[in-house]
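Undergrad: My file is query.cif. It has mmCIF, C-alpha atoms:
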data_upload
#
loop_
_atom_site.group_PDB
_atom_site.id
_atom_site.type_symbol
_atom_site.label_atom_id
_atom_site.label_comp_id
_atom_site.auth_asym_id
_atom_site.auth_seq_id
_atom_site.Cartn_x
_atom_site.Cartn_y
_atom_site.Cartn_z
ATOM 1 C CA MET A 19 41.307 24.230 -13.316
ATOM 2 C CA SER A 20 37.760 24.508 -14.592
ATOM 3 C CA SER A 21 38.328 21.504 -16.813
ATOM 4 C CA SER A 22 39.727 19.544 -13.880
ATOM 5 C CA TRP A 23 36.735 20.469 -11.738
ATOM 6 C CA PHE A 24 34.359 19.390 -14.498
ATOM 7 C CA ALA A 25 36.137 16.064 -14.910
ATOM 8 C CA THR A 26 36.080 15.453 -11.164
ATOM 9 C CA THR A 27 32.372 16.310 -10.961
ATOM 10 C CA LEU A 28 31.601 14.021 -13.883
ATOM 11 C CA LEU A 29 33.563 11.209 -12.277
ATOM 12 C CA VAL A 30 31.676 11.664 -8.992
ATOM 13 C CA VAL A 31 28.353 11.620 -10.844
ATOM 14 C CA LEU A 32 29.299 8.451 -12.712
ATOM 15 C CA VAL A 33 30.405 6.744 -9.497
ATOM 16 C CA LEU A 34 27.129 7.742 -7.817
ATOM 17 C CA LEU A 35 25.163 6.401 -10.754
ATOM 18 C CA LEU A 36 27.062 3.134 -10.594
ATOM 19 C CA LEU A 37 26.411 2.867 -6.873
ATOM 20 C CA VAL A 38 22.843 4.161 -6.746
ATOM 21 C CA GLY A 39 21.607 2.777 -10.064
ATOM 22 C CA PRO A 40 21.546 -0.895 -8.983
ATOM 23 C CA TRP A 41 19.909 0.101 -5.702
ATOM 24 C CA VAL A 42 17.176 2.044 -7.494
ATOM 25 C CA LEU A 43 16.610 -0.829 -9.898
ATOM 26 C CA GLY A 44 16.516 -3.286 -7.015
ATOM 27 C CA MET A 45 14.033 -1.191 -5.053
ATOM 28 C CA ALA A 46 11.825 -0.757 -8.122
ATOM 29 C CA ASN A 47 11.803 -4.509 -8.730
ATOM 30 C CA ARG A 48 11.132 -5.222 -5.062
ATOM 31 C CA LEU A 49 8.244 -2.750 -5.011
ATOM 32 C CA ASP A 50 6.814 -4.275 -8.160
ATOM 33 C CA ARG A 51 6.945 -7.731 -6.570
ATOM 34 C CA LEU A 52 5.209 -6.395 -3.470
ATOM 35 C CA HIS A 53 2.418 -4.914 -5.570
ATOM 36 C CA VAL A 54 2.019 -8.249 -7.345
ATOM 37 C CA ARG A 55 1.972 -9.999 -3.966
ATOM 38 C CA THR A 56 -0.689 -7.586 -2.690
ATOM 39 C CA ASP A 57 -2.849 -8.127 -5.770
ATOM 40 C CA ALA A 58 -2.540 -11.890 -5.382
ATOM 41 C CA ALA A 59 -3.383 -11.644 -1.676
ATOM 42 C CA TRP A 60 -6.497 -9.615 -2.469
ATOM 43 C CA ALA A 61 -7.550 -12.203 -5.053
ATOM 44 C CA GLY A 62 -7.179 -14.888 -2.382
ATOM 45 C CA LEU A 63 -9.147 -12.875 0.148
ATOM 46 C CA ASP A 64 -11.850 -12.126 -2.409
ATOM 47 C CA ALA A 65 -12.159 -15.861 -3.138
ATOM 48 C CA SER A 66 -12.391 -16.678 0.586
ATOM 49 C CA LEU A 67 -15.078 -14.058 1.123
ATOM 50 C CA ALA A 68 -17.010 -15.378 -1.885
ATOM 51 C CA ARG A 69 -16.860 -18.917 -0.526
ATOM 52 C CA ARG A 70 -18.150 -17.727 2.845
ATOM 53 C CA ALA A 71 -21.064 -16.019 1.097
ATOM 54 C CA VAL A 72 -21.877 -19.212 -0.806
ATOM 55 C CA VAL A 73 -21.854 -21.266 2.399
ATOM 56 C CA ALA A 74 -23.918 -18.640 4.228
ATOM 57 C CA ARG A 75 -26.657 -18.925 1.594
ATOM 58 C CA THR A 76 -26.933 -22.665 2.211
ATOM 59 C CA VAL A 77 -27.597 -22.378 5.962
ATOM 60 C CA VAL A 78 -30.841 -24.176 6.815
ATOM 61 C CA GLY A 79 -33.023 -24.531 9.892
ATOM 62 C CA LEU A 80 -33.586 -20.804 10.398
ATOM 63 C CA GLU A 81 -36.748 -18.792 10.739
ATOM 64 C CA PRO A 82 -37.942 -17.685 7.261
ATOM 65 C CA ASP A 83 -37.231 -13.997 7.905
ATOM 66 C CA GLN A 84 -33.788 -14.771 9.316
ATOM 67 C CA ALA A 85 -32.928 -17.054 6.384
ATOM 68 C CA THR A 86 -34.058 -14.423 3.857
ATOM 69 C CA MET A 87 -32.023 -11.742 5.577
ATOM 70 C CA LEU A 88 -28.924 -13.939 5.662
ATOM 71 C CA ARG A 89 -29.220 -14.718 1.941
ATOM 72 C CA ASN A 90 -29.793 -11.066 1.047
ATOM 73 C CA VAL A 91 -26.820 -9.868 3.099
ATOM 74 C CA ALA A 92 -24.606 -12.606 1.626
ATOM 75 C CA ASP A 93 -25.673 -11.548 -1.885
ATOM 76 C CA ARG A 94 -24.990 -7.896 -1.079
ATOM 77 C CA ALA A 95 -21.549 -8.689 0.326
ATOM 78 C CA GLU A 96 -20.627 -10.714 -2.745
ATOM 79 C CA ARG A 97 -21.716 -7.961 -5.160
ATOM 80 C CA ALA A 98 -20.351 -4.987 -3.213
ATOM 81 C CA GLY A 99 -17.618 -2.860 -4.735
ATOM 82 C CA ARG A 100 -14.298 -2.426 -2.960
ATOM 83 C CA ALA A 101 -15.396 0.807 -1.261
ATOM 84 C CA GLU A 102 -18.495 -0.790 0.283
ATOM 85 C CA ARG A 103 -17.057 -4.272 0.783
ATOM 86 C CA GLU A 104 -15.893 -3.899 4.387
ATOM 87 C CA ALA A 105 -19.291 -2.715 5.635
ATOM 88 C CA ALA A 106 -21.125 -5.440 3.714
ATOM 89 C CA GLU A 107 -18.819 -8.209 4.918
ATOM 90 C CA ASN A 108 -19.014 -6.963 8.508
ATOM 91 C CA GLU A 109 -22.806 -7.065 8.310
ATOM 92 C CA LEU A 110 -22.581 -10.674 7.159
ATOM 93 C CA SER A 111 -20.103 -11.422 9.961
ATOM 94 C CA GLY A 112 -22.579 -10.047 12.489
ATOM 95 C CA LEU A 113 -25.412 -12.267 11.238
ATOM 96 C CA LEU A 114 -23.193 -15.354 11.186
ATOM 97 C CA ALA A 115 -22.000 -14.573 14.712
ATOM 98 C CA ASP A 116 -25.602 -14.747 15.956
ATOM 99 C CA LEU A 117 -26.232 -18.198 14.489
ATOM 100 C CA ASP A 118 -26.764 -21.108 16.840
ATOM 101 C CA ARG A 119 -24.155 -23.447 15.360
ATOM 102 C CA SER A 120 -25.345 -26.382 17.456
ATOM 103 C CA ALA A 121 -28.653 -26.366 15.550
ATOM 104 C CA LEU A 122 -26.941 -26.708 12.164
ATOM 105 C CA PRO A 123 -26.182 -30.037 10.499
ATOM 106 C CA PRO A 124 -22.658 -31.022 11.584
ATOM 107 C CA VAL A 125 -21.320 -31.046 8.022
ATOM 108 C CA LEU A 126 -22.695 -27.548 7.335
ATOM 109 C CA ALA A 127 -21.428 -26.200 10.668
ATOM 110 C CA ALA A 128 -17.962 -27.551 9.883
ATOM 111 C CA GLU A 129 -18.012 -26.070 6.363
ATOM 112 C CA LEU A 130 -19.079 -22.686 7.706
ATOM 113 C CA ALA A 131 -16.329 -22.736 10.337
ATOM 114 C CA ASP A 132 -13.794 -23.664 7.664
ATOM 115 C CA ALA A 133 -14.990 -20.857 5.390
ATOM 116 C CA GLU A 134 -14.694 -18.340 8.229
ATOM 117 C CA GLN A 135 -11.226 -19.547 9.139
ATOM 118 C CA ARG A 136 -10.100 -19.179 5.532
ATOM 119 C CA VAL A 137 -11.350 -15.587 5.580
ATOM 120 C CA VAL A 138 -9.332 -14.920 8.739
ATOM 121 C CA LEU A 139 -6.152 -16.372 7.249
ATOM 122 C CA SER A 140 -6.646 -14.686 3.877
ATOM 123 C CA ARG A 141 -7.281 -11.318 5.507
ATOM 124 C CA ARG A 142 -4.103 -11.602 7.541
ATOM 125 C CA VAL A 143 -2.069 -12.584 4.466
ATOM 126 C CA HIS A 144 -3.564 -9.639 2.574
ATOM 127 C CA ASN A 145 -2.945 -7.124 5.355
ATOM 128 C CA ASP A 146 0.605 -8.394 5.832
ATOM 129 C CA ALA A 147 1.234 -7.822 2.129
ATOM 130 C CA VAL A 148 -0.320 -4.346 2.341
ATOM 131 C CA ARG A 149 1.806 -3.507 5.394
ATOM 132 C CA ASP A 150 5.054 -4.530 3.649
ATOM 133 C CA THR A 151 4.129 -2.647 0.481
ATOM 134 C CA LEU A 152 3.172 0.542 2.306
ATOM 135 C CA SER A 153 6.286 0.333 4.450
ATOM 136 C CA LEU A 154 8.498 0.392 1.351
ATOM 137 C CA ARG A 155 6.399 3.029 -0.418
ATOM 138 C CA ARG A 156 6.763 5.349 2.601
ATOM 139 C CA ARG A 157 10.569 5.517 2.308
ATOM 140 C CA ARG A 158 11.693 8.996 1.399
ATOM 141 C CA LEU A 159 13.834 8.048 -1.607
ATOM 142 C CA ILE A 160 11.094 5.778 -2.933
ATOM 143 C CA ARG A 161 8.679 8.720 -2.817
ATOM 144 C CA TRP A 162 11.173 11.238 -4.209
ATOM 145 C CA LEU A 163 12.048 9.002 -7.164
ATOM 146 C CA LYS A 164 8.362 8.004 -7.610
ATOM 147 C CA LEU A 165 9.326 4.339 -7.854
ATOM 148 C CA ALA A 166 5.736 3.283 -7.149
ATOM 149 C CA GLY A 167 4.807 4.718 -10.533
ATOM 150 C CA THR A 168 1.067 4.705 -11.165
ATOM 151 C CA ALA A 169 0.363 1.682 -8.992
ATOM 152 C CA PRO A 170 -2.603 2.456 -6.686
ATOM 153 C CA ARG A 171 -1.928 2.579 -2.969
ATOM 154 C CA PRO A 172 -3.011 -0.737 -1.416
ATOM 155 C CA GLU A 173 -5.435 -0.565 1.497
ATOM 156 C CA TYR A 174 -5.933 -2.727 4.556
ATOM 157 C CA PHE A 175 -9.142 -4.736 4.662
ATOM 158 C CA GLU A 176 -10.642 -4.197 8.097
ATOM 159 C CA ILE A 177 -13.315 -6.654 9.191
ATOM 160 C CA ALA A 178 -13.865 -8.138 12.619
ATOM 161 C CA GLU A 179 -12.506 -11.641 12.956
ATOM 162 C CA PRO A 180 -14.765 -14.310 14.434
ATOM 163 C CA LEU A 181 -13.749 -15.305 17.944
ATOM 164 C CA GLU A 182 -12.687 -18.812 18.844
ATOM 165 C CA ALA A 183 -15.479 -21.273 19.508
ATOM 166 C CA ALA A 184 -14.743 -21.174 23.220
ATOM 167 C CA GLU A 185 -15.427 -17.453 23.343
ATOM 168 C CA SER A 186 -18.605 -15.515 22.892
ATOM 169 C CA SER A 187 -19.126 -14.649 19.247
ATOM 170 C CA VAL A 188 -21.526 -11.770 19.898
ATOM 171 C CA LEU A 189 -20.243 -8.392 18.792
ATOM 172 C CA THR A 190 -20.095 -5.838 21.582
ATOM 173 C CA PRO A 191 -22.184 -2.743 20.748
ATOM 174 C CA ARG A 192 -20.265 0.508 21.137
ATOM 175 C CA THR A 193 -21.331 4.104 20.687
ATOM 176 C CA ALA A 194 -18.536 6.616 20.127
ATOM 177 C CA ALA A 195 -18.383 10.410 20.027
ATOM 178 C CA ARG A 196 -15.669 11.670 17.690
ATOM 179 C CA VAL A 197 -14.493 15.214 16.956
ATOM 180 C CA LEU A 198 -12.933 16.774 13.879
ATOM 181 C CA LEU A 199 -10.633 19.194 15.698
ATOM 182 C CA THR A 200 -9.371 21.693 13.122
ATOM 183 C CA ASP A 201 -7.150 24.778 13.371
ATOM 184 C CA ASP A 202 -7.232 28.183 11.680
ATOM 185 C CA THR A 203 -5.472 26.836 8.581
ATOM 186 C CA GLY A 204 -7.928 23.980 8.029
ATOM 187 C CA ARG A 205 -5.713 21.205 9.333
ATOM 188 C CA VAL A 206 -7.284 18.380 11.327
ATOM 189 C CA LEU A 207 -5.758 16.664 14.361
ATOM 190 C CA LEU A 208 -5.346 12.900 14.100
ATOM 191 C CA PHE A 209 -3.851 10.225 16.340
ATOM 192 C CA GLU A 210 -1.886 7.224 15.117
ATOM 193 C CA GLY A 211 -2.780 4.009 16.903
ATOM 194 C CA HIS A 212 -2.750 0.247 16.570
ATOM 195 C CA ASP A 213 -4.463 -2.894 17.800
ATOM 196 C CA PRO A 214 -2.214 -4.574 20.417
ATOM 197 C CA ALA A 215 -3.100 -7.891 18.785
ATOM 198 C CA ARG A 216 -1.685 -6.588 15.461
ATOM 199 C CA PRO A 217 0.883 -3.898 16.338
ATOM 200 C CA GLN A 218 2.324 -3.931 12.825
ATOM 201 C CA GLU A 219 -0.899 -2.427 11.404
ATOM 202 C CA SER A 220 -1.162 1.239 12.361
ATOM 203 C CA PHE A 221 -3.819 3.732 11.337
ATOM 204 C CA TRP A 222 -4.834 7.362 11.926
ATOM 205 C CA PHE A 223 -8.115 8.441 13.494
ATOM 206 C CA THR A 224 -9.855 11.482 14.914
ATOM 207 C CA VAL A 225 -10.122 12.652 18.505
ATOM 208 C CA GLY A 226 -12.830 10.807 20.438
ATOM 209 C CA GLY A 227 -13.868 7.575 22.073
ATOM 210 C CA GLY A 228 -16.618 5.549 23.666
ATOM 211 C CA VAL A 229 -19.689 7.128 25.242
ATOM 212 C CA ASP A 230 -20.142 6.201 28.904
ATOM 213 C CA PRO A 231 -23.470 4.667 30.043
ATOM 214 C CA GLY A 232 -26.060 7.418 30.460
ATOM 215 C CA GLU A 233 -23.776 10.044 28.916
ATOM 216 C CA GLU A 234 -25.027 12.300 26.139
ATOM 217 C CA LEU A 235 -23.148 12.376 22.832
ATOM 218 C CA ARG A 236 -22.197 16.041 23.042
ATOM 219 C CA ALA A 237 -21.014 15.707 26.640
ATOM 220 C CA ALA A 238 -18.945 12.670 25.685
ATOM 221 C CA ALA A 239 -17.361 14.595 22.806
ATOM 222 C CA VAL A 240 -16.419 17.491 25.107
ATOM 223 C CA ARG A 241 -14.947 15.059 27.643
ATOM 224 C CA GLU A 242 -12.922 13.165 25.026
ATOM 225 C CA VAL A 243 -11.437 16.372 23.609
ATOM 226 C CA SER A 244 -10.387 17.429 27.094
ATOM 227 C CA GLU A 245 -8.877 14.049 28.005
ATOM 228 C CA GLU A 246 -7.042 13.508 24.716
ATOM 229 C CA THR A 247 -5.888 17.032 23.840
ATOM 230 C CA GLY A 248 -6.218 19.194 26.967
ATOM 231 C CA LEU A 249 -8.552 21.586 25.128
ATOM 232 C CA GLU A 250 -11.493 22.679 27.270
ATOM 233 C CA LEU A 251 -14.675 23.209 25.269
ATOM 234 C CA GLY A 252 -18.287 23.985 26.007
ATOM 235 C CA ALA A 253 -21.135 22.020 24.483
ATOM 236 C CA ASP A 254 -21.968 24.992 22.256
ATOM 237 C CA ASP A 255 -18.463 24.922 20.764
ATOM 238 C CA LEU A 256 -19.323 21.738 18.888
ATOM 239 C CA ILE A 257 -21.050 21.720 15.506
ATOM 240 C CA GLY A 258 -23.143 18.687 14.725
ATOM 241 C CA PRO A 259 -23.283 15.781 14.828
ATOM 242 C CA ILE A 260 -22.348 16.173 11.181
ATOM 243 C CA TRP A 261 -21.335 12.616 10.251
ATOM 244 C CA LYS A 262 -22.284 9.119 11.304
ATOM 245 C CA ARG A 263 -20.180 6.021 10.700
ATOM 246 C CA HIS A 264 -20.971 2.345 11.292
ATOM 247 C CA THR A 265 -17.991 0.036 11.594
ATOM 248 C CA VAL A 266 -17.102 -3.365 12.983
ATOM 249 C CA PHE A 267 -13.588 -3.857 14.282
ATOM 250 C CA SER A 268 -11.456 -6.032 16.527
ATOM 251 C CA LEU A 269 -9.349 -4.559 19.330
ATOM 252 C CA ASP A 270 -7.197 -6.439 21.794
ATOM 253 C CA GLY A 271 -9.029 -9.726 21.156
ATOM 254 C CA LEU A 272 -12.566 -8.308 21.349
ATOM 255 C CA SER A 273 -14.926 -7.507 18.465
ATOM 256 C CA TYR A 274 -17.108 -4.404 18.414
ATOM 257 C CA ALA A 275 -20.025 -3.113 16.359
ATOM 258 C CA SER A 276 -19.478 0.631 16.634
ATOM 259 C CA GLU A 277 -21.729 3.564 15.862
ATOM 260 C CA GLU A 278 -19.614 6.722 15.614
ATOM 261 C CA TRP A 279 -21.020 10.261 15.718
ATOM 262 C CA PHE A 280 -18.776 13.095 14.486
ATOM 263 C CA PHE A 281 -18.750 16.719 15.632
ATOM 264 C CA LEU A 282 -16.728 19.633 14.258
ATOM 265 C CA THR A 283 -14.888 22.303 16.242
ATOM 266 C CA ARG A 284 -12.009 24.715 15.691
ATOM 267 C CA THR A 285 -9.055 25.922 17.713
ATOM 268 C CA SER A 286 -6.194 28.327 17.079
ATOM 269 C CA THR A 287 -3.145 27.271 15.072
ATOM 270 C CA GLY A 288 -0.891 27.817 18.096
ATOM 271 C CA PHE A 289 -2.764 25.334 20.287
ATOM 272 C CA THR A 290 -0.442 22.770 21.905
ATOM 273 C CA VAL A 291 -1.883 19.276 22.272
ATOM 274 C CA ASP A 292 -1.621 17.839 25.791
ATOM 275 C CA THR A 293 -2.014 14.042 25.946
ATOM 276 C CA SER A 294 -1.358 13.723 29.688
ATOM 277 C CA GLY A 295 -5.044 12.855 30.147
ATOM 278 C CA PHE A 296 -4.722 9.597 28.207
ATOM 279 C CA ASP A 297 -6.058 6.545 30.031
ATOM 280 C CA GLU A 298 -4.110 3.274 30.204
ATOM 281 C CA ALA A 299 -5.589 1.873 26.987
ATOM 282 C CA GLU A 300 -4.855 5.063 25.036
ATOM 283 C CA THR A 301 -1.303 5.225 26.347
ATOM 284 C CA ARG A 302 -0.804 1.624 25.252
ATOM 285 C CA THR A 303 -2.300 1.915 21.769
ATOM 286 C CA ILE A 304 -1.665 5.513 20.584
ATOM 287 C CA ARG A 305 1.808 6.240 19.279
ATOM 288 C CA ARG A 306 1.709 9.895 18.232
ATOM 289 C CA HIS A 307 -0.394 12.742 16.896
ATOM 290 C CA ARG A 308 -0.075 15.361 14.192
ATOM 291 C CA TRP A 309 -2.043 17.964 12.256
ATOM 292 C CA TRP A 310 -2.958 17.061 8.666
ATOM 293 C CA THR A 311 -3.996 19.124 5.661
ATOM 294 C CA ALA A 312 -6.439 17.632 3.167
ATOM 295 C CA ASP A 313 -3.653 17.444 0.561
ATOM 296 C CA GLU A 314 -1.431 15.527 2.967
ATOM 297 C CA LEU A 315 -4.270 13.110 3.682
ATOM 298 C CA ARG A 316 -4.731 12.479 -0.040
ATOM 299 C CA ALA A 317 -1.015 11.881 -0.538
ATOM 300 C CA THR A 318 -0.317 9.666 2.472
ATOM 301 C CA GLU A 319 0.248 5.938 2.206
ATOM 302 C CA ASP A 320 -1.059 5.479 5.764
ATOM 303 C CA ALA A 321 -4.502 4.149 6.662
ATOM 304 C CA VAL A 322 -6.828 6.973 7.746
ATOM 305 C CA TYR A 323 -10.356 6.725 9.151
ATOM 306 C CA PRO A 324 -12.879 7.869 8.117
ATOM 307 C CA VAL A 325 -11.687 6.832 4.675
ATOM 308 C CA GLN A 326 -13.405 9.836 3.037
ATOM 309 C CA LEU A 327 -11.823 12.397 5.362
ATOM 310 C CA ALA A 328 -9.473 13.909 2.762
ATOM 311 C CA ASP A 329 -12.293 14.512 0.284
ATOM 312 C CA LEU A 330 -14.966 15.704 2.718
ATOM 313 C CA LEU A 331 -12.892 17.958 4.990
ATOM 314 C CA PRO A 332 -12.397 20.893 2.566
ATOM 315 C CA GLU A 333 -16.098 20.961 1.695
ATOM 316 C CA LEU A 334 -16.968 20.888 5.376
ATOM 317 C CA LEU A 335 -14.698 23.844 6.198
ATOM 318 C CA ARG A 336 -15.683 25.986 3.209
ATOM 319 C CA ALA A 337 -19.341 26.436 4.132
ATOM 320 C CA ASP A 338 -21.550 26.621 7.184
ATOM 321 C CA TRP A 339 -23.065 23.322 8.273
ATOM 322 C CA ASP A 340 -26.532 22.904 6.763
ATOM 323 C CA GLY A 341 -27.844 20.782 9.633
ATOM 324 C CA SER A 342 -27.821 17.474 7.716
ATOM 325 C CA LEU A 343 -26.298 14.231 8.982
ATOM 326 C CA ARG A 344 -24.065 12.463 6.471
ATOM 327 C CA ALA A 345 -23.119 8.791 6.482
ATOM 328 C CA VAL A 346 -19.385 8.233 6.031
ATOM 329 C CA ARG A 347 -17.181 5.181 5.981
#
Is it possible to give me this structure as structure tokens?

TA:
Amino acid sequence: MSSSWFATTLLVVLVLLLLVGPWVLGMANRLDRLHVRTDAAWAGLDASLARRAVVARTVVGLEPDQATMLRNVADRAERAGRAEREAAENELSGLLADLDRSALPPVLAAELADAEQRVVLSRRVHNDAVRDTLSLRRRRLIRWLKLAGTAPRPEYFEIAEPLEAAESSVLTPRTAARVLLTDDTGRVLLFEGHDPARPQESFWFTVGGGVDPGEELRAAAVREVSEETGLELGADDLIGPIWKRHTVFSLDGLSYASEEWFFLTRTSTGFTVDTSGFDEAETRTIRRHRWWTADELRATEDAVYPVQLADLLPELLRADWDGSLRAVR
């Protein structure tokens, strides 16, 4: 009987290997192709960004200080490493958005518009490739079997897209108060949202939002926590601002130059998040929320902002705040 059981078990294992083996091999090959596609898409985007920088340096008819600044920013964007590239390219986008295109020679204006359009298309191709790759890498069996191997996790490239010529190209300034809401175990609360114009690209972010006209940062942070989580805080419950982040992003067809100020506060592990205070925009763009540990943030394939959150959170929770303001990205 034992021999029969062993033979049956062996047969089942062999059948499973025959059935699962080709699937595993197919998934591994598909994932490898997606990584190759992502690398190729990044190379294309990098080339488009480099061409835009070259064209930007040739812009004439500007005030000397403006021309010097444009050349310097274009140089900085072209030399920036991957970690600093988004901020550098967004700075260049902002300067190009302020140019009076009607004052440029027609040929140069057309070349600049073409370079910008190539950046838009290349970025979308790149982010589509990243989305497909991350989607496959997130599958449970893919993660369990470690089919991604040592391939680095691809990242979205987030820069504001220039608006159509018929629209205003000026970036809308936005000041935001954001809160690192942590619990007794050191987890941080994050929301998952998306841009309605690109619903396939989701990302995680902290509690918080825009500061109303005339509103103080700390008051805005308290209000946002209440509206988004139901937690009632006093101004003294917030530590900071501890971090500051500059970012340029597009949302629902509009482009923003945002200055984000981060506070820290803690709540009990048993706190239940209440999102009934969401406004219409939040209800439309936020899909869910969850508490994250630093280890989970490091391991996730999802896009998380600030990018450095996983590395900086443990340090922040281990010691008392020293009163300094840190720039994050």

Undergrad: So that I can see what lies close to segment 325-337 of chain A, please list as a ChimeraX atom specification the residues with an atom at most 6 Å from it, counting all atoms listed in the file and leaving out residues fewer than 4 positions away in the same chain.

TA: /A:312,315-316,347

Undergrad: I need the residues from that last selection saved to file as a PDB file, in the frame of the given file (with C-alpha atoms), if you can.

TA:
ATOM      1  CA  ALA A 312      -6.439  17.632   3.167  1.00  0.00           C
ATOM      2  CA  LEU A 315      -4.270  13.110   3.682  1.00  0.00           C
ATOM      3  CA  ARG A 316      -4.731  12.479  -0.040  1.00  0.00           C
ATOM      4  CA  ARG A 347     -17.181   5.181   5.981  1.00  0.00           C
TER       5      ARG A 347
END

Undergrad: For each of A:Asp313, A:Glu250, A:Asp146, A:Asp340, take the minimum atom-to-atom distance to Arg205 of chain A, counting all atoms listed in the file, then give the residue where this is smallest.

TA: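 Closest to Arg205 of chain A of all the choices is A:Asp313.
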
Undergrad: Have a look at atom CA of Trp261 of chain A and atom CA of Arg196 of chain A and let me know their distance in Å, one decimal.

TA: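 Between these atoms lies a distance of 9.4 Å.
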
Undergrad: Suppose you want the space between atom CA of Arg157 of chain A and atom CA of Pro40 of chain A; what is it in Å?

TA: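 Atom CA of Pro40 of chain A lies at a distance of 17.0 Å from atom CA of Arg157 of chain A.
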
Undergrad: Of the residues A:His53, A:Arg192, A:Phe209, A:Gly204, which is the one nearest to Asp230 of chain A, using all atoms listed in the file?

TA: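 Closest residue, counting all atoms listed in the file: A:Arg192.
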
Undergrad: Under the rule that all atoms listed in the file are counted, which of A:Gly112, A:Phe289, A:Asp50, A:Ala127 is the nearest residue to Thr168 of chain A?

TA: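 Closest to Thr168 of chain A of all the choices is A:Asp50.
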
Undergrad: Skipping near chain neighbours, those fewer than 6 positions away, what residues fall within 9 Å of Ser244 of chain A using only C-alpha atoms, listed as a list in words?

TA: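 So, after excluding close chain neighbours, the residues are Glu250, Leu251, Asp292 and Gly295 of chain A.
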
Undergrad: Take atom CA of Glu319 of chain A and atom CA of Arg141 of chain A and report the distance between them in Å, one decimal.

TA: 19.1 Å

Undergrad: What's around Phe223 of chain A at 7 Å? Count all atoms listed in the file, leave out sequence neighbours fewer than 5 positions away in its own chain, and write the answer as a list of chain:residue names.

TA: A:Leu208, A:Phe209, A:Glu210, A:Val322, A:Tyr323

Undergrad: Select, from A:Glu245, A:Thr224, A:Ser153, A:Asp116, the residue with the minimum atom-to-atom distance to Thr301 of chain A, counting all atoms listed in the file.

TA: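 The shortest atom-to-atom distance to Thr301 of chain A comes from A:Glu245.
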
Undergrad: Between A:Thr283, A:Ser66, A:Thr76, A:Asn90, which has the minimum distance to Arg236 of chain A (counting only C-alpha atoms)?

TA: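 Once distances to Arg236 of chain A are computed over only C-alpha atoms, the minimum belongs to A:Thr283.
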
Undergrad: Point out the residue among A:Trp309, A:Tyr274, A:Trp162, A:Phe267 with the least atom-to-atom distance to Glu176 of chain A, counting all atoms listed in the file.

TA: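 Closest to Glu176 of chain A of all the choices is A:Phe267.
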
Undergrad: For the structure shown, which residues end up in the PyMOL selection byres ((chain A and resi 149) around 9)? Put them as a PDB file with C-alpha atoms, in the coordinates of the input, please?

TA:
ATOM      1  CA  HIS A 144      -3.564  -9.639   2.574  1.00  0.00           C
ATOM      2  CA  ASN A 145      -2.945  -7.124   5.355  1.00  0.00           C
ATOM      3  CA  ASP A 146       0.605  -8.394   5.832  1.00  0.00           C
ATOM      4  CA  ALA A 147       1.234  -7.822   2.129  1.00  0.00           C
ATOM      5  CA  VAL A 148      -0.320  -4.346   2.341  1.00  0.00           C
ATOM      6  CA  ASP A 150       5.054  -4.530   3.649  1.00  0.00           C
ATOM      7  CA  THR A 151       4.129  -2.647   0.481  1.00  0.00           C
ATOM      8  CA  LEU A 152       3.172   0.542   2.306  1.00  0.00           C
ATOM      9  CA  SER A 153       6.286   0.333   4.450  1.00  0.00           C
ATOM     10  CA  LEU A 154       8.498   0.392   1.351  1.00  0.00           C
ATOM     11  CA  PRO A 172      -3.011  -0.737  -1.416  1.00  0.00           C
ATOM     12  CA  GLU A 173      -5.435  -0.565   1.497  1.00  0.00           C
ATOM     13  CA  TYR A 174      -5.933  -2.727   4.556  1.00  0.00           C
ATOM     14  CA  GLN A 218       2.324  -3.931  12.825  1.00  0.00           C
ATOM     15  CA  GLU A 219      -0.899  -2.427  11.404  1.00  0.00           C
ATOM     16  CA  SER A 220      -1.162   1.239  12.361  1.00  0.00           C
TER      17      SER A 220
END

Undergrad: When the PyMOL selection byres ((chain A and resi 268) around 9) is applied to the structure above, which residues does it catch, written out as a list in words?

TA: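 This file gives the following for the PyMOL selection byres ((chain A and resi 268) around 9): Glu176, Ile177, Ala178, Glu179, Asp213, Ala215, Val266, Phe267, Leu269, Asp270, Gly271, Leu272, Ser273 and Tyr274 of chain A.
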
Undergrad: Restricting the output to C-alpha atoms, write the selected residues as a tab-separated table (two decimals), in the coordinates of the input.

TA:
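Output file selection.tsv follows:
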chain	number	residue	atom	x	y	z
A	176	GLU	CA	-10.64	-4.20	8.10
A	177	ILE	CA	-13.32	-6.65	9.19
A	178	ALA	CA	-13.86	-8.14	12.62
A	179	GLU	CA	-12.51	-11.64	12.96
A	213	ASP	CA	-4.46	-2.89	17.80
A	215	ALA	CA	-3.10	-7.89	18.78
A	266	VAL	CA	-17.10	-3.36	12.98
A	267	PHE	CA	-13.59	-3.86	14.28
A	269	LEU	CA	-9.35	-4.56	19.33
A	270	ASP	CA	-7.20	-6.44	21.79
A	271	GLY	CA	-9.03	-9.73	21.16
A	272	LEU	CA	-12.57	-8.31	21.35
A	273	SER	CA	-14.93	-7.51	18.46
A	274	TYR	CA	-17.11	-4.40	18.41

Undergrad: Got a sec to resolve the PyMOL selection byres ((chain A and resi 77) around 12) on this structure and send the residues as a ChimeraX atom specification?

TA: /A:70-76,78-82,84-89,92,113-114,117-119,121-130
